[in-house]
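Peer 1: Take a look at the following structure, please.
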Amino acid sequence: MPCPLKIDARDEALAGLYQKELTELAGFETPAPLTLILDSGKVSLAGSNAAEAPVLVDFAGGALDFRRLHGGGRHSEGVARACFGRLKNPVIFDGTAGLGRDAFILASLGARVHLFERNPVVRLLLRDGLRRGRECGVPEVLEITDERMILEDAFSVTLYRGSVIPDTVYLDPMYPERKKSALVKKDMRIFHELLGQDADREDYLLAVLAADYRKTVMKLPKWAEIMEPERVNTAVITKNHRFVVYAGSGRNDGGV
Ligand SMILES: C[S@@+](CC[C@H](N)C(=O)[O-])C[C@H]1O[C@@H](n2cnc3c(N)ncnc32)[C@H](O)[C@@H]1O
């Protein structure tokens with residue numbers, strides 16, 4: 001049963017900053033009761049369970065900052081191994097930006113990442129996370145969020161009309177939950193309440209493959225069936241995921 005998204009704008013300055021986005025969200029419906037909270041300089045999303053902390057994008061602290069400082073390099077992070085190939089500073093289109101975690105990892109390892117996200121609530125969380133990243137005062141985070149992560153106005157890679165030609169298009173669509181809900185990470189649980197699954201993921205992959213970029217990478221849970229198996233070039237396998245690589249002809253040169 002769809003529910004109207006509640007908006008709790010306690011921070012008036014922030015509500016002013018995002019007036020356009022909030023106007024667009026009027027009447028927006030979600031599959032479960034969710035509240036967008038603008039408070040103390042941050043935009044977050046609260047789920048139906050009041051005991052759970054709201055979800056927000058935080059590039060300047062928490063798990064992502066730890067991963068930036070102490071995580072694996074481009075030869076050990078699965079997403080980077082799949083998306084970079086032999087390139088040091090690839091241009092990547094993240095066609096399913098979500099909360100920008102993969103994009104941040106890729107950008108912190110040297111990529112320039114253009115982010116595409118179709119859900120307006122997620123886009124606002126992301127936009128706010130990038131803004132706070134730029135304002136956090138940590139030079140490395142400022143450089144990543146200001147120069148190497150670009151939130152595109154186009155909602156999807158297939159709607160992009162700009163002139164940038166990516167080395168890699170990266171797709172990480174939502175799959176249905178398989179674990180018991182208690183085992184699913186809190187932010188992913190709220191995410192599932194907001195988005196459900198991306199049932200059109202195969203259509204998106206096919207549309208991107210038809211555009212014939214140099215390389216397309218699709219992340220999927222290990223249990224999921226590989227789409228278009230005859231077109232797969234290689235795969236990077238991690239504990240829970242497969243990063244399936246499809247090579248196209250593209251117009252950019254570089255190693256797969
Ligand atoms: C699993 S999440 C991505 C998580 C992201 N990789 C991260 O690290 O935070 C999938 C996201 O892709 C978005 N998405 C799915 N299909 C899309 C499409 N065709 N165009 C744009 N965004 C899409 C969904 O709205 C959702 O936010």
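Naming works like this for the structure tokens: A, B, ... for the chains as they're shown, residue 1 at the start of each chain, ligands 1 onward in shown order.
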Can you pull out every residue with an atom within 7 Å of ligand 1? Use only C-alpha atoms and all ligand atoms and format it as an mmCIF file with C-alpha atoms, in the first residue's frame.

Peer 2:
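Saved file part15.cif follows:
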```cif
data_model
loop_
_atom_site.group_PDB
_atom_site.id
_atom_site.type_symbol
_atom_site.label_atom_id
_atom_site.label_comp_id
_atom_site.auth_asym_id
_atom_site.auth_seq_id
_atom_site.Cartn_x
_atom_site.Cartn_y
_atom_site.Cartn_z
ATOM 1 C CA GLY A 95 24.453 4.278 -13.507
ATOM 2 C CA THR A 96 22.921 3.247 -10.172
ATOM 3 C CA ALA A 97 24.492 5.721 -7.768
ATOM 4 C CA GLY A 98 22.333 4.932 -4.710
ATOM 5 C CA LEU A 99 24.022 6.264 -1.577
ATOM 6 C CA GLY A 100 27.250 6.781 -3.512
ATOM 7 C CA ARG A 101 29.340 4.301 -1.559
ATOM 8 C CA ASP A 102 30.835 2.475 -4.528
ATOM 9 C CA ALA A 103 31.275 5.781 -6.371
ATOM 10 C CA PHE A 116 23.184 8.805 -12.217
ATOM 11 C CA GLU A 117 20.290 8.143 -9.840
ATOM 12 C CA ARG A 118 16.609 8.087 -10.711
ATOM 13 C CA ASN A 119 14.972 8.038 -7.283
ATOM 14 C CA VAL A 122 18.039 9.040 -2.965
ATOM 15 C CA PHE A 155 18.449 10.329 -14.097
ATOM 16 C CA SER A 156 19.955 7.410 -16.021
ATOM 17 C CA VAL A 157 22.949 6.702 -18.247
ATOM 18 C CA ASP A 172 24.599 -2.130 -9.180
ATOM 19 C CA PRO A 173 20.811 -2.530 -9.229
ATOM 20 C CA MET A 174 18.675 -3.600 -6.290
ATOM 21 C CA LEU A 195 12.907 1.191 -3.453
ATOM 22 C CA ASP A 198 14.928 -2.773 -9.500
ATOM 23 C CA ARG A 201 17.607 -4.253 -14.142
ATOM 24 C CA TYR A 204 18.831 -1.288 -18.092
#
```

Peer 1: Could you write out, as an MDAnalysis selection string, all the residues of stretch 161-235 of chain A that DSSP marks as strand (DSSP E or B)?

Peer 2: chainID A and resid 168:171 215:221 232:235

Peer 1: Pick out the residues sitting within 12 Å of stretch 3-14 of chain A, and hand them over as an MDAnalysis selection string; count only C-alpha atoms, and ignore anything fewer than 3 positions along from it in its own chain.

Peer 2: chainID A and resid 17:48 120:121 124 128 131:132 193:194

Peer 1: Can you tell me which residues surround A:His114 at a distance of at most 8 Å, considering only C-alpha atoms, apart from same-chain residues fewer than 6 positions away, and format the answer as a PyMOL selection string?

Peer 2: chain A and resi 91-94+149-152

Peer 1: Save the residues we just selected, C-alpha atoms, as a CSV table (one decimal), in the first residue's frame?

Peer 2:
```csv
chain,number,residue,atom,x,y,z
A,91,VAL,CA,36.2,7.9,-16.2
A,92,ILE,CA,33.3,5.9,-14.8
A,93,PHE,CA,29.5,6.4,-15.2
A,94,ASP,CA,27.9,5.0,-12.1
A,149,MET,CA,32.1,12.8,-8.0
A,150,ILE,CA,29.7,14.6,-10.4
A,151,LEU,CA,26.0,14.1,-9.8
A,152,GLU,CA,24.4,14.3,-13.2
```

Peer 1: Under the rule that only C-alpha atoms are counted, which of A:Val169, A:Ala235, A:Leu69, A:Val138 is the nearest residue to A:Lys222?

Peer 2: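 Among A:Val169, A:Ala235, A:Leu69, A:Val138, it is A:Ala235 that comes nearest to A:Lys222.
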
Peer 1: If you run DSSP over the backbone, which residues in stretch 45-188 of chain A end up alpha helix (DSSP H)? Put them as a ChimeraX atom specification.

Peer 2: /A:62-70,78-84,101-108,120-135,139-143,186-188

Peer 1: Using the selection just defined, write its residues with N, CA and C atoms as a compact mmCIF listing (two decimals), in the first residue's frame.

Peer 2:
```txt
# COMPACT_ATOMS: atom_id res chain seq x y z
N GLY A 62 32.53 8.05 9.51
CA GLY A 62 31.92 6.72 9.53
C GLY A 62 32.64 5.71 8.66
N ALA A 63 31.88 4.73 8.17
CA ALA A 63 32.45 3.57 7.49
C ALA A 63 33.20 3.96 6.21
N LEU A 64 32.67 4.94 5.48
CA LEU A 64 33.32 5.30 4.20
C LEU A 64 34.66 5.97 4.42
N ASP A 65 34.73 6.82 5.45
CA ASP A 65 35.99 7.50 5.73
C ASP A 65 37.02 6.46 6.17
N PHE A 66 36.57 5.50 6.98
CA PHE A 66 37.48 4.45 7.44
C PHE A 66 38.00 3.66 6.23
N ARG A 67 37.07 3.37 5.31
CA ARG A 67 37.46 2.60 4.13
C ARG A 67 38.42 3.40 3.24
N ARG A 68 38.20 4.71 3.16
CA ARG A 68 39.11 5.55 2.36
C ARG A 68 40.52 5.51 2.94
N LEU A 69 40.58 5.56 4.30
CA LEU A 69 41.88 5.64 4.95
C LEU A 69 42.57 4.28 5.07
N HIS A 70 41.75 3.24 5.30
CA HIS A 70 42.36 1.95 5.62
C HIS A 70 41.94 0.81 4.69
N GLY A 78 37.10 -5.09 -4.96
CA GLY A 78 36.48 -5.77 -6.10
C GLY A 78 35.93 -4.81 -7.13
N VAL A 79 35.23 -3.76 -6.64
CA VAL A 79 34.59 -2.83 -7.56
C VAL A 79 35.64 -2.10 -8.41
N ALA A 80 36.78 -1.79 -7.80
CA ALA A 80 37.83 -1.08 -8.54
C ALA A 80 38.53 -2.04 -9.51
N ARG A 81 38.78 -3.26 -9.07
CA ARG A 81 39.43 -4.23 -9.98
C ARG A 81 38.59 -4.38 -11.25
N ALA A 82 37.28 -4.48 -11.06
CA ALA A 82 36.40 -4.68 -12.21
C ALA A 82 36.30 -3.42 -13.07
N CYS A 83 36.18 -2.27 -12.43
CA CYS A 83 35.91 -1.03 -13.19
C CYS A 83 37.16 -0.38 -13.76
N PHE A 84 38.31 -0.52 -13.08
CA PHE A 84 39.52 0.18 -13.52
C PHE A 84 40.21 -0.60 -14.65
N ARG A 101 28.22 4.94 -2.24
CA ARG A 101 29.34 4.30 -1.56
C ARG A 101 30.36 3.75 -2.54
N ASP A 102 29.89 3.01 -3.54
CA ASP A 102 30.83 2.48 -4.53
C ASP A 102 31.51 3.62 -5.28
N ALA A 103 30.71 4.64 -5.63
CA ALA A 103 31.28 5.78 -6.37
C ALA A 103 32.38 6.45 -5.56
N PHE A 104 32.17 6.58 -4.25
CA PHE A 104 33.17 7.22 -3.39
C PHE A 104 34.46 6.38 -3.36
N ILE A 105 34.30 5.06 -3.25
CA ILE A 105 35.48 4.18 -3.26
C ILE A 105 36.24 4.35 -4.58
N LEU A 106 35.49 4.31 -5.67
CA LEU A 106 36.13 4.44 -6.99
C LEU A 106 36.83 5.79 -7.12
N ALA A 107 36.15 6.85 -6.67
CA ALA A 107 36.74 8.19 -6.79
C ALA A 107 37.94 8.33 -5.87
N SER A 108 37.87 7.74 -4.68
CA SER A 108 39.00 7.89 -3.76
C SER A 108 40.21 7.10 -4.26
N PRO A 120 14.18 10.28 -6.60
CA PRO A 120 14.41 11.66 -6.13
C PRO A 120 14.80 11.75 -4.66
N VAL A 121 14.36 10.80 -3.84
CA VAL A 121 14.73 10.82 -2.42
C VAL A 121 16.22 10.47 -2.29
N VAL A 122 16.63 9.45 -3.01
CA VAL A 122 18.04 9.04 -2.96
C VAL A 122 18.92 10.15 -3.54
N ARG A 123 18.45 10.77 -4.62
CA ARG A 123 19.23 11.87 -5.22
C ARG A 123 19.45 13.00 -4.20
N LEU A 124 18.42 13.30 -3.42
CA LEU A 124 18.56 14.38 -2.44
C LEU A 124 19.54 13.97 -1.32
N LEU A 125 19.45 12.73 -0.87
CA LEU A 125 20.41 12.26 0.15
C LEU A 125 21.84 12.37 -0.38
N LEU A 126 21.98 11.98 -1.64
CA LEU A 126 23.30 12.01 -2.27
C LEU A 126 23.80 13.45 -2.44
N ARG A 127 22.92 14.30 -2.95
CA ARG A 127 23.28 15.71 -3.15
C ARG A 127 23.74 16.32 -1.82
N ASP A 128 23.02 15.98 -0.73
CA ASP A 128 23.35 16.55 0.57
C ASP A 128 24.67 15.97 1.10
N GLY A 129 24.90 14.68 0.86
CA GLY A 129 26.17 14.06 1.27
C GLY A 129 27.34 14.70 0.55
N LEU A 130 27.17 14.98 -0.74
CA LEU A 130 28.25 15.61 -1.51
C LEU A 130 28.51 17.03 -1.00
N ARG A 131 27.44 17.75 -0.70
CA ARG A 131 27.59 19.11 -0.16
C ARG A 131 28.36 19.08 1.17
N ARG A 132 27.97 18.17 2.06
CA ARG A 132 28.67 18.11 3.35
C ARG A 132 30.11 17.66 3.17
N GLY A 133 30.35 16.77 2.18
CA GLY A 133 31.72 16.34 1.88
C GLY A 133 32.57 17.54 1.47
N ARG A 134 31.98 18.42 0.67
CA ARG A 134 32.73 19.60 0.19
C ARG A 134 32.99 20.59 1.31
N GLU A 135 32.13 20.54 2.34
CA GLU A 135 32.24 21.54 3.42
C GLU A 135 32.93 20.99 4.67
N PRO A 139 40.83 18.08 3.24
CA PRO A 139 41.17 18.36 1.83
C PRO A 139 40.93 17.17 0.89
N GLU A 140 41.28 15.95 1.34
CA GLU A 140 41.10 14.78 0.44
C GLU A 140 39.63 14.56 0.14
N VAL A 141 38.77 14.70 1.17
CA VAL A 141 37.33 14.47 0.96
C VAL A 141 36.76 15.59 0.09
N LEU A 142 37.26 16.80 0.30
CA LEU A 142 36.83 17.94 -0.53
C LEU A 142 37.16 17.65 -1.99
N GLU A 143 38.38 17.19 -2.24
CA GLU A 143 38.79 16.95 -3.63
C GLU A 143 37.92 15.85 -4.26
N LYS A 186 21.05 -2.22 8.38
CA LYS A 186 19.99 -1.24 8.65
C LYS A 186 19.72 -0.33 7.45
N ASP A 187 20.80 0.24 6.85
CA ASP A 187 20.57 1.19 5.76
C ASP A 187 19.97 0.49 4.56
N MET A 188 20.37 -0.77 4.33
CA MET A 188 19.80 -1.49 3.20
C MET A 188 18.33 -1.81 3.45
```

Peer 1: At what distance in Å, to one decimal, does atom CA of A:Leu220 lie from atom CA of A:His241?

Peer 2: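 Result for atom CA of A:His241 versus atom CA of A:Leu220: 5.6 Å, one decimal.
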
Peer 1: Between atom CA of A:Arg214 and atom CA of A:Val164, what is the spacing in Å?

Peer 2: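 Pair atom CA of A:Val164 / atom CA of A:Arg214 returns 12.8 Å.
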
Peer 1: For A:Pro221, please output as number ranges by chain all residues within 7 Å (counting only C-alpha atoms; exclusion window: fewer than 2 positions along the same chain).

Peer 2: A: 223-224, 240-242

Peer 1: Between atom CA of A:Glu52 and atom CA of A:Phe191, measure the distance and give it in Å to one decimal.

Peer 2: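 Between these atoms lies a distance of 12.8 Å.
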
Peer 1: Find the residue from A:Ala199, A:Val55, A:Val208, A:Ala60 that sits nearest to A:Thr145; use only C-alpha atoms when measuring.

Peer 2: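 Comparing A:Ala199, A:Val55, A:Val208, A:Ala60 against A:Thr145, the winner is A:Ala60.
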
Peer 1: Ranking A:Glu177, A:Glu77, A:Asp58, A:Glu228 by minimum distance to A:Asp203 and counting only C-alpha atoms, which one comes first?

Peer 2: A:Glu228
